[in-house]
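Novice: So here's data22.csv, just CSV, C-alpha atoms:
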chain,number,residue,atom,x,y,z
A,1,MET,CA,60.2,124.9,124.1
A,2,PRO,CA,58.0,127.1,121.9
A,3,GLN,CA,56.4,129.9,123.9
A,4,ILE,CA,55.3,132.5,121.4
A,5,TYR,CA,51.6,132.1,120.5
A,6,PHE,CA,49.5,134.1,118.0
A,7,GLU,CA,48.2,136.3,120.9
A,8,ASP,CA,51.8,137.2,121.7
A,9,ILE,CA,52.6,138.6,118.3
A,10,THR,CA,52.0,142.3,117.9
A,11,GLU,CA,51.9,144.3,114.7
A,12,GLY,CA,54.8,146.7,114.3
A,13,THR,CA,57.3,144.7,116.5
A,14,ILE,CA,60.8,144.8,115.0
A,15,ARG,CA,63.1,142.0,116.3
A,16,ASP,CA,66.9,141.9,116.1
A,17,ILE,CA,67.5,138.5,114.6
A,18,GLY,CA,71.3,138.5,115.0
A,19,SER,CA,74.3,138.6,112.7
A,20,TYR,CA,76.4,136.2,110.6
A,21,THR,CA,79.7,136.6,108.8
A,22,VAL,CA,79.6,134.7,105.5
A,23,PRO,CA,82.3,131.9,105.3
A,24,GLN,CA,83.7,131.6,101.8
A,25,ASP,CA,83.9,127.8,101.9
A,26,GLU,CA,80.3,127.4,103.1
A,27,MET,CA,79.0,130.0,100.6
A,28,ILE,CA,80.7,128.3,97.6
A,29,ALA,CA,79.8,124.8,98.8
A,30,PHE,CA,76.1,125.8,98.9
A,31,SER,CA,76.3,127.2,95.3
A,32,LYS,CA,78.0,124.1,94.0
A,33,GLN,CA,75.1,122.0,95.3
A,34,TYR,CA,72.1,124.2,94.6
A,35,ASP,CA,73.0,127.2,92.3
A,36,PRO,CA,76.1,126.4,90.3
A,37,GLN,CA,76.1,129.5,88.0
A,38,PRO,CA,79.6,130.7,87.2
A,39,ILE,CA,79.2,133.9,89.1
A,40,HIS,CA,78.7,131.8,92.3
A,41,ILE,CA,81.4,129.2,91.9
A,42,ASP,CA,84.0,130.2,89.3
A,43,GLU,CA,86.6,132.8,90.4
A,44,GLU,CA,87.9,133.6,86.9
A,45,ALA,CA,84.4,134.1,85.5
A,46,ALA,CA,83.4,136.1,88.5
A,47,SER,CA,86.5,138.3,88.3
A,48,LYS,CA,85.6,139.3,84.8
A,49,SER,CA,81.9,140.0,85.7
A,50,VAL,CA,80.4,143.3,86.8
A,51,PHE,CA,80.6,142.0,90.4
A,52,GLY,CA,84.4,141.6,90.3
A,53,ASP,CA,84.4,138.5,92.5
A,54,ILE,CA,82.3,135.5,93.4
A,55,ILE,CA,78.9,136.5,95.0
A,56,ALA,CA,76.6,134.5,97.1
A,57,SER,CA,73.6,132.7,95.6
A,58,GLY,CA,70.5,134.6,96.6
A,59,TRP,CA,69.1,131.4,97.9
A,60,TYR,CA,72.1,131.0,100.2
A,61,THR,CA,71.6,134.6,101.5
A,62,ALA,CA,68.0,133.7,102.2
A,63,CYS,CA,69.0,130.5,104.0
A,64,ILE,CA,71.4,132.3,106.3
A,65,CYS,CA,68.7,134.6,107.3
A,66,MET,CA,66.3,131.7,107.7
A,67,ARG,CA,68.6,129.9,110.1
A,68,LEU,CA,68.9,133.1,112.2
A,69,LEU,CA,65.1,133.5,112.1
A,70,VAL,CA,64.6,130.0,113.5
A,71,ASP,CA,67.3,130.5,116.2
A,72,GLU,CA,66.0,133.8,117.3
A,73,PHE,CA,62.2,133.8,116.6
A,74,LEU,CA,60.5,131.0,114.8
A,75,GLY,CA,62.0,128.3,117.0
A,76,GLU,CA,60.2,129.8,119.9
A,77,THR,CA,57.0,130.4,118.0
A,78,VAL,CA,54.2,127.8,117.8
A,79,SER,CA,54.3,127.9,114.1
A,80,ILE,CA,52.7,125.3,111.9
A,81,GLY,CA,54.3,126.4,108.6
A,82,SER,CA,54.0,128.9,105.9
A,83,PRO,CA,52.0,129.0,102.7
A,84,GLY,CA,54.6,131.2,101.1
A,85,LEU,CA,56.5,134.4,100.5
A,86,ASP,CA,56.1,137.6,98.5
A,87,GLU,CA,58.3,140.4,97.4
A,88,LEU,CA,61.6,138.7,97.9
A,89,SER,CA,64.3,141.2,96.7
A,90,TRP,CA,68.0,140.8,96.4
A,91,THR,CA,69.2,144.4,96.5
A,92,THR,CA,73.0,144.3,97.0
A,93,PRO,CA,75.4,141.5,96.1
A,94,VAL,CA,76.8,139.5,99.1
A,95,TYR,CA,80.5,138.5,99.2
A,96,ALA,CA,82.4,136.1,101.3
A,97,GLY,CA,83.4,137.8,104.6
A,98,ASP,CA,80.4,140.1,104.6
A,99,THR,CA,78.7,140.4,108.0
A,100,LEU,CA,74.9,140.3,107.6
A,101,THR,CA,72.7,141.7,110.3
A,102,VAL,CA,69.1,140.6,110.2
A,103,GLU,CA,65.8,142.0,111.5
A,104,ASN,CA,62.2,140.9,111.3
A,105,GLU,CA,59.2,143.2,111.4
A,106,ILE,CA,55.6,142.0,112.1
A,107,LEU,CA,53.6,143.7,109.4
A,108,ASP,CA,50.1,142.5,110.3
A,109,THR,CA,48.2,139.7,112.0
A,110,ARG,CA,44.8,138.2,111.5
A,111,LEU,CA,42.9,135.3,112.9
A,112,SER,CA,41.9,132.5,110.5
A,113,GLU,CA,38.3,132.8,109.4
A,114,SER,CA,37.9,129.0,108.9
A,115,ARG,CA,39.9,127.7,111.9
A,116,ASP,CA,39.6,129.3,115.3
A,117,ASP,CA,42.8,127.9,116.6
A,118,ARG,CA,45.3,129.8,114.5
A,119,GLY,CA,46.2,133.1,112.8
A,120,TYR,CA,48.2,134.4,110.0
A,121,VAL,CA,51.2,136.6,110.6
A,122,ARG,CA,52.7,138.6,107.8
A,123,ASN,CA,56.3,139.5,108.6
A,124,GLN,CA,59.2,141.0,106.7
A,125,THR,CA,62.7,139.8,107.1
A,126,ARG,CA,65.5,142.3,106.1
A,127,ALA,CA,69.3,141.8,106.1
A,128,TYR,CA,72.0,144.5,105.9
A,129,ASN,CA,75.7,144.2,105.3
A,130,GLN,CA,78.5,145.9,107.2
A,131,ASP,CA,78.0,149.1,105.1
A,132,ASN,CA,74.3,149.1,106.1
A,133,ASP,CA,73.2,148.3,102.6
A,134,MET,CA,70.2,146.1,102.5
A,135,VAL,CA,71.1,142.8,100.8
A,136,ILE,CA,67.8,140.9,100.9
A,137,SER,CA,64.2,141.3,102.1
A,138,TRP,CA,61.1,139.3,101.9
A,139,ILE,CA,57.6,139.1,103.3
A,140,ALA,CA,56.5,135.8,104.7
A,141,THR,CA,53.1,134.6,105.9
A,142,THR,CA,53.5,132.4,108.9
A,143,ILE,CA,50.7,130.4,110.5
A,144,VAL,CA,50.8,130.5,114.3
A,145,LEU,CA,48.6,128.6,116.8
A,146,CYS,CA,46.6,130.4,119.4
A,147,ARG,CA,47.3,129.9,123.1
A,148,ASP,CA,43.7,129.1,123.7
A,149,ALA,CA,43.5,126.7,120.8
A,150,ARG,CA,40.7,124.2,121.4
B,1,MET,CA,78.9,127.7,77.1
B,2,PRO,CA,75.8,130.0,77.6
B,3,GLN,CA,73.9,130.3,74.4
B,4,ILE,CA,70.4,131.6,75.2
B,5,TYR,CA,70.2,135.4,74.8
B,6,PHE,CA,67.3,137.7,75.6
B,7,GLU,CA,66.2,137.5,71.9
B,8,ASP,CA,66.0,133.7,72.2
B,9,ILE,CA,63.4,133.8,75.0
B,10,THR,CA,59.8,133.7,74.0
B,11,GLU,CA,56.7,134.4,76.1
B,12,GLY,CA,54.6,131.4,76.7
B,13,THR,CA,57.4,128.9,76.4
B,14,ILE,CA,57.1,126.0,78.9
B,15,ARG,CA,60.3,124.1,79.6
B,16,ASP,CA,60.6,120.6,81.1
B,17,ILE,CA,63.3,121.2,83.8
B,18,GLY,CA,63.7,117.6,84.9
B,19,SER,CA,63.0,115.5,88.0
B,20,TYR,CA,64.6,114.8,91.3
B,21,THR,CA,63.8,112.2,94.0
B,22,VAL,CA,64.3,113.7,97.5
B,23,PRO,CA,67.0,111.8,99.5
B,24,GLN,CA,66.1,111.7,103.2
B,25,ASP,CA,69.6,112.3,104.4
B,26,GLU,CA,70.2,115.3,102.1
B,27,MET,CA,66.8,116.8,103.0
B,28,ILE,CA,67.4,116.6,106.8
B,29,ALA,CA,71.0,117.7,106.5
B,30,PHE,CA,69.8,120.9,104.8
B,31,SER,CA,67.2,121.6,107.5
B,32,LYS,CA,69.7,121.0,110.3
B,33,GLN,CA,71.9,123.7,108.8
B,34,TYR,CA,69.4,126.2,107.5
B,35,ASP,CA,65.9,125.6,108.9
B,36,PRO,CA,66.1,123.5,112.1
B,37,GLN,CA,62.4,123.6,113.0
B,38,PRO,CA,61.2,120.3,114.7
B,39,ILE,CA,58.9,119.5,111.8
B,40,HIS,CA,62.0,119.4,109.5
B,41,ILE,CA,64.5,117.5,111.7
B,42,ASP,CA,62.8,115.7,114.6
B,43,GLU,CA,61.0,112.4,113.8
B,44,GLU,CA,59.1,112.2,117.0
B,45,ALA,CA,57.8,115.8,116.9
B,46,ALA,CA,56.9,115.4,113.2
B,47,SER,CA,55.1,112.1,113.8
B,48,LYS,CA,52.8,113.9,116.2
B,49,SER,CA,52.2,116.8,113.9
B,50,VAL,CA,49.4,117.2,111.3
B,51,PHE,CA,52.0,116.1,108.7
B,52,GLY,CA,52.7,112.7,110.3
B,53,ASP,CA,56.3,112.6,109.3
B,54,ILE,CA,59.3,114.9,108.7
B,55,ILE,CA,58.7,117.3,105.8
B,56,ALA,CA,61.2,119.2,103.7
B,57,SER,CA,62.0,122.8,104.5
B,58,GLY,CA,60.4,124.9,101.9
B,59,TRP,CA,63.8,126.5,101.2
B,60,TYR,CA,65.2,123.1,100.4
B,61,THR,CA,62.4,122.4,98.0
B,62,ALA,CA,63.2,125.7,96.3
B,63,CYS,CA,66.9,124.9,96.2
B,64,ILE,CA,66.2,121.5,94.5
B,65,CYS,CA,64.3,123.3,91.8
B,66,MET,CA,66.9,126.0,91.5
B,67,ARG,CA,69.6,123.3,90.9
B,68,LEU,CA,67.5,121.8,88.1
B,69,LEU,CA,66.8,125.2,86.7
B,70,VAL,CA,70.5,126.0,86.5
B,71,ASP,CA,71.3,122.6,84.9
B,72,GLU,CA,68.5,122.7,82.4
B,73,PHE,CA,67.9,126.4,81.6
B,74,LEU,CA,69.8,129.2,83.5
B,75,GLY,CA,73.2,127.6,83.0
B,76,GLU,CA,72.7,128.0,79.2
B,77,THR,CA,71.3,131.5,79.5
B,78,VAL,CA,73.4,134.7,79.4
B,79,SER,CA,71.9,135.8,82.7
B,80,ILE,CA,73.4,138.4,84.9
B,81,GLY,CA,71.3,137.8,88.0
B,82,SER,CA,67.9,138.4,89.4
B,83,PRO,CA,66.5,141.3,91.4
B,84,GLY,CA,64.0,139.0,93.1
B,85,LEU,CA,61.0,136.8,93.3
B,86,ASP,CA,57.3,137.1,93.8
B,87,GLU,CA,54.4,134.8,94.8
B,88,LEU,CA,56.4,132.0,96.2
B,89,SER,CA,53.9,129.4,97.3
B,90,TRP,CA,54.4,126.1,99.1
B,91,THR,CA,51.2,124.2,98.3
B,92,THR,CA,51.8,120.6,99.3
B,93,PRO,CA,54.3,119.2,101.9
B,94,VAL,CA,57.3,117.4,100.5
B,95,TYR,CA,58.5,114.1,102.1
B,96,ALA,CA,61.7,112.1,101.7
B,97,GLY,CA,61.3,109.8,98.7
B,98,ASP,CA,59.0,112.2,96.8
B,99,THR,CA,59.9,112.6,93.1
B,100,LEU,CA,59.5,116.2,92.1
B,101,THR,CA,59.1,117.2,88.4
B,102,VAL,CA,59.8,120.8,87.6
B,103,GLU,CA,58.7,123.0,84.7
B,104,ASN,CA,59.4,126.7,83.9
B,105,GLU,CA,57.2,129.0,82.0
B,106,ILE,CA,58.2,132.3,80.4
B,107,LEU,CA,55.5,134.7,81.5
B,108,ASP,CA,56.7,137.9,79.8
B,109,THR,CA,59.8,139.7,78.5
B,110,ARG,CA,60.7,143.3,78.2
B,111,LEU,CA,63.8,145.2,77.2
B,112,SER,CA,65.4,147.4,79.8
B,113,GLU,CA,64.5,151.1,79.4
B,114,SER,CA,67.7,152.3,80.9
B,115,ARG,CA,70.2,149.8,79.4
B,116,ASP,CA,69.9,148.7,75.8
B,117,ASP,CA,72.0,145.6,76.3
B,118,ARG,CA,69.6,143.6,78.5
B,119,GLY,CA,66.1,142.6,79.2
B,120,TYR,CA,63.9,141.4,82.0
B,121,VAL,CA,62.4,137.9,81.8
B,122,ARG,CA,59.5,137.1,84.2
B,123,ASN,CA,59.3,133.3,84.6
B,124,GLN,CA,57.4,130.9,86.8
B,125,THR,CA,58.9,127.8,88.2
B,126,ARG,CA,56.5,125.0,89.2
B,127,ALA,CA,57.2,121.6,90.8
B,128,TYR,CA,54.8,118.7,91.2
B,129,ASN,CA,55.1,115.5,93.2
B,130,GLN,CA,54.5,111.9,92.0
B,131,ASP,CA,50.8,112.4,92.6
B,132,ASN,CA,50.8,115.5,90.3
B,133,ASP,CA,50.1,117.8,93.3
B,134,MET,CA,51.9,121.1,92.9
B,135,VAL,CA,54.4,121.5,95.8
B,136,ILE,CA,56.0,124.8,95.0
B,137,SER,CA,55.8,127.7,92.6
B,138,TRP,CA,57.3,131.1,92.3
B,139,ILE,CA,57.7,133.9,89.8
B,140,ALA,CA,61.3,135.2,89.3
B,141,THR,CA,62.6,138.1,87.3
B,142,THR,CA,65.8,137.2,85.5
B,143,ILE,CA,68.0,139.8,83.8
B,144,VAL,CA,69.3,138.4,80.5
B,145,LEU,CA,71.8,140.0,78.1
B,146,CYS,CA,71.0,140.7,74.4
B,147,ARG,CA,72.9,138.9,71.7
B,148,ASP,CA,73.6,142.3,70.1
B,149,ALA,CA,74.7,143.9,73.3
B,150,ARG,CA,77.1,146.7,72.5
As structure tokens, how would this structure be written, given the file I've shared?
Specialist:
Amino acid sequence: MPQIYFEDITEGTIRDIGSYTVPQDEMIAFSKQYDPQPIHIDEEAASKSVFGDIIASGWYTACICMRLLVDEFLGETVSIGSPGLDELSWTTPVYAGDTLTVENEILDTRLSESRDDRGYVRNQTRAYNQDNDMVISWIATTIVLCRDAR
Amino acid sequence: MPQIYFEDITEGTIRDIGSYTVPQDEMIAFSKQYDPQPIHIDEEAASKSVFGDIIASGWYTACICMRLLVDEFLGETVSIGSPGLDELSWTTPVYAGDTLTVENEILDTRLSESRDDRGYVRNQTRAYNQDNDMVISWIATTIVLCRDAR
């Protein structure tokens, strides 16, 4: 059951969102369906590229993080959606077998000016690989209901 | 075979990237794996929400567009990846059965200052549903090699 309301969310909080080791089959299956560029699905093409091997679609990396975010934070939050993201950066390639560790920081919160039952939470998600290189980050705005929503 | 080099990409070009009708099973399977919030997977919870029915994960909507982008544009482009996105907006909920029509506009191009074999292409992807409501948009930066790369 969701338990985290807008009032419970504090600027500056950094949450450990967990880790995930990237399975090669899942990584490539995702790319075949949603991002079938050679660097994401073709071993021979990837081996000749600057990356040296198949790398994850950036969208797959985001989706891994999103799943962890739902499991560890958003699933317990009385969220009613998101209008969007900003500053999504892919900063290091992700390879099969990499272990990604994810954190989320609450950047700022503000009550809605037009609806008194909700607020906007700007939060940044960041993931690092086993060498502590950041692989992805983005800033999301999440709409969260107030506990005292009328 | 990729054929679109940096020199072939012109600011202001708007490409028709095609259409896709959202299958309910695919939409929900994606959410169960990557974004299992009740509004995306639970019919009863969704029916009681402001949306009235299950809506697509915003990440799924992005991934549908990405697949079309690869099929119709990026797959023919000598791209070597993307450092990131900006201004990703989810502007209208997407439901199973919606038909999304996607376009991509080249916003601006510039040669790399540090590497003379590549350039940066800022491009906006936009998708509309069958009622012509925009459902998603984002601005990506794509790195594209020059034809005359040394």
Novice: Could you pull the residues within 10 Å of B:Phe51, counting all atoms listed in the file, minus those fewer than 4 positions along the same chain, as a PyMOL selection string?
Specialist: (chain A and resi 80) or (chain B and resi 39+46-47+55+93-95)
Novice: Env of A:Glu76: 10 Å cut, atoms = only C-alpha atoms, seq-sep filter 4 positions within chain, self excluded. Answer as a PyMOL selection string.
Specialist: (chain A and resi 1-5+69-72) or (chain B and resi 37)
Novice: Select, as a ChimeraX atom specification, those residues of chain B with any atom no more than 8 Å from chain A (distances computed using all atoms listed in the file).
Specialist: /B:33-37,59,63-64,66-67,70,74-75,82-91
Novice: When you count only C-alpha atoms, which of these residues is closest to A:Asp131: A:Ile106, A:Leu100, A:Ile143, A:Ile28?
Specialist: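 Answer, going by the shortest atom-to-atom distance: A:Leu100.
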Novice: Would you work out the distance separating atom CA of B:Pro23 from atom CA of A:Ala29, expressed in Å to one decimal?
Specialist: 18.3 Å
Novice: Can you work out which one of B:Val135, B:Ala127, B:Met27, B:Val144 has the shortest atom-to-atom distance to B:Asn104, counting all atoms listed in the file?
Specialist: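 Residue with the minimum atom-to-atom distance to B:Asn104: B:Ala127.
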Novice: Of the candidates A:Met134, A:Ala96, A:Ala56, A:Ile17, which shows the shortest atom-to-atom distance to A:His40, using only C-alpha atoms?
Specialist: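 Among A:Met134, A:Ala96, A:Ala56, A:Ile17, it is A:Ala56 that comes nearest to A:His40.
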Novice: In the coordinate frame of the file, compute which residues have an atom within 12 Å of (46.0, 124.1, 123.5) when using only C-alpha atoms, and state them as number ranges by chain.
Specialist: A: 3, 5-6, 78, 116-118, 145-150
Novice: Give me the residues within 8 Å of A:Thr10 as a PyMOL selection string, counting all atoms listed in the file and dropping any in the same chain fewer than 3 places off.
Specialist: chain A and resi 7+13+106+108-109
Novice: For A:Tyr20, which residue among A:Thr142, A:Thr101, A:Gln124, A:Thr61 is the nearest when counting only C-alpha atoms?
Specialist: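 Checking each candidate against A:Tyr20, we get A:Thr101 as the closest.
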Novice: Using all atoms listed in the file, which of the listed residues (B:Val102, B:Ile41, B:Leu107, B:Ile54) sits closest to B:Val121?
Specialist: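 Of all the options, B:Leu107 lies closest to B:Val121.
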Novice: Just how far from atom CA of B:Gly18 is atom CA of B:Glu103, in Å to one decimal?
Specialist: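 Between atom CA of B:Glu103 and atom CA of B:Gly18 the gap is 7.4 Å.
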Novice: Can you work out the spacing between atom CA of B:Glu113 and atom CA of B:Gly12 in Å, to one decimal?
Specialist: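 We find that atom CA of B:Glu113 and atom CA of B:Gly12 lie 22.2 Å from each other.
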Novice: Between B:Arg110, B:Glu105, B:Glu11, B:Asp53, which one has atoms that come closest to B:Arg126, using all atoms listed in the file?
Specialist: B:Glu105
Novice: Got a minute to add N, CA and C atoms to stretch 13-34 of chain A and dump it as a compact mmCIF listing (two decimals), in the frame of the given file?
Specialist:
# COMPACT_ATOMS: atom_id res chain seq x y z
N THR A 13 56.06 145.15 115.74
CA THR A 13 57.30 144.70 116.50
C THR A 13 58.41 144.47 115.50
N ILE A 14 59.56 145.02 115.81
CA ILE A 14 60.80 144.80 115.00
C ILE A 14 61.76 144.02 115.94
N ARG A 15 62.15 142.83 115.51
CA ARG A 15 63.10 142.00 116.30
C ARG A 15 64.48 142.04 115.67
N ASP A 16 65.48 142.15 116.52
CA ASP A 16 66.90 141.90 116.10
C ASP A 16 67.08 140.44 116.03
N ILE A 17 67.45 139.96 114.85
CA ILE A 17 67.50 138.50 114.60
C ILE A 17 69.00 138.05 114.63
N GLY A 18 69.94 138.95 114.86
CA GLY A 18 71.30 138.50 115.00
C GLY A 18 72.14 138.77 113.71
N SER A 19 73.38 138.35 113.76
CA SER A 19 74.30 138.60 112.70
C SER A 19 75.04 137.32 112.28
N TYR A 20 75.59 137.33 111.07
CA TYR A 20 76.40 136.20 110.60
C TYR A 20 77.38 136.68 109.58
N THR A 21 78.63 136.24 109.76
CA THR A 21 79.70 136.60 108.80
C THR A 21 79.83 135.40 107.82
N VAL A 22 79.75 135.70 106.55
CA VAL A 22 79.60 134.70 105.50
C VAL A 22 80.98 133.98 105.27
N PRO A 23 81.07 132.67 105.56
CA PRO A 23 82.30 131.90 105.30
C PRO A 23 82.42 131.59 103.80
N GLN A 24 83.58 131.86 103.22
CA GLN A 24 83.70 131.60 101.80
C GLN A 24 83.47 130.14 101.43
N ASP A 25 84.01 129.22 102.23
CA ASP A 25 83.90 127.80 101.90
C ASP A 25 82.40 127.36 101.93
N GLU A 26 81.69 127.80 102.96
CA GLU A 26 80.30 127.40 103.10
C GLU A 26 79.45 128.04 101.94
N MET A 27 79.75 129.29 101.64
CA MET A 27 79.00 130.00 100.60
C MET A 27 79.18 129.30 99.23
N ILE A 28 80.42 128.93 98.92
CA ILE A 28 80.70 128.30 97.60
C ILE A 28 80.15 126.86 97.59
N ALA A 29 80.28 126.16 98.71
CA ALA A 29 79.80 124.80 98.80
C ALA A 29 78.26 124.76 98.52
N PHE A 30 77.55 125.72 99.10
CA PHE A 30 76.10 125.80 98.90
C PHE A 30 75.82 125.99 97.38
N SER A 31 76.53 126.91 96.76
CA SER A 31 76.30 127.20 95.30
C SER A 31 76.60 125.99 94.46
N LYS A 32 77.68 125.29 94.80
CA LYS A 32 78.00 124.10 94.00
C LYS A 32 76.90 123.08 94.02
N GLN A 33 76.20 123.02 95.16
CA GLN A 33 75.10 122.00 95.30
C GLN A 33 73.81 122.53 94.68
N TYR A 34 73.49 123.80 94.91
CA TYR A 34 72.10 124.20 94.60
C TYR A 34 72.01 125.34 93.56
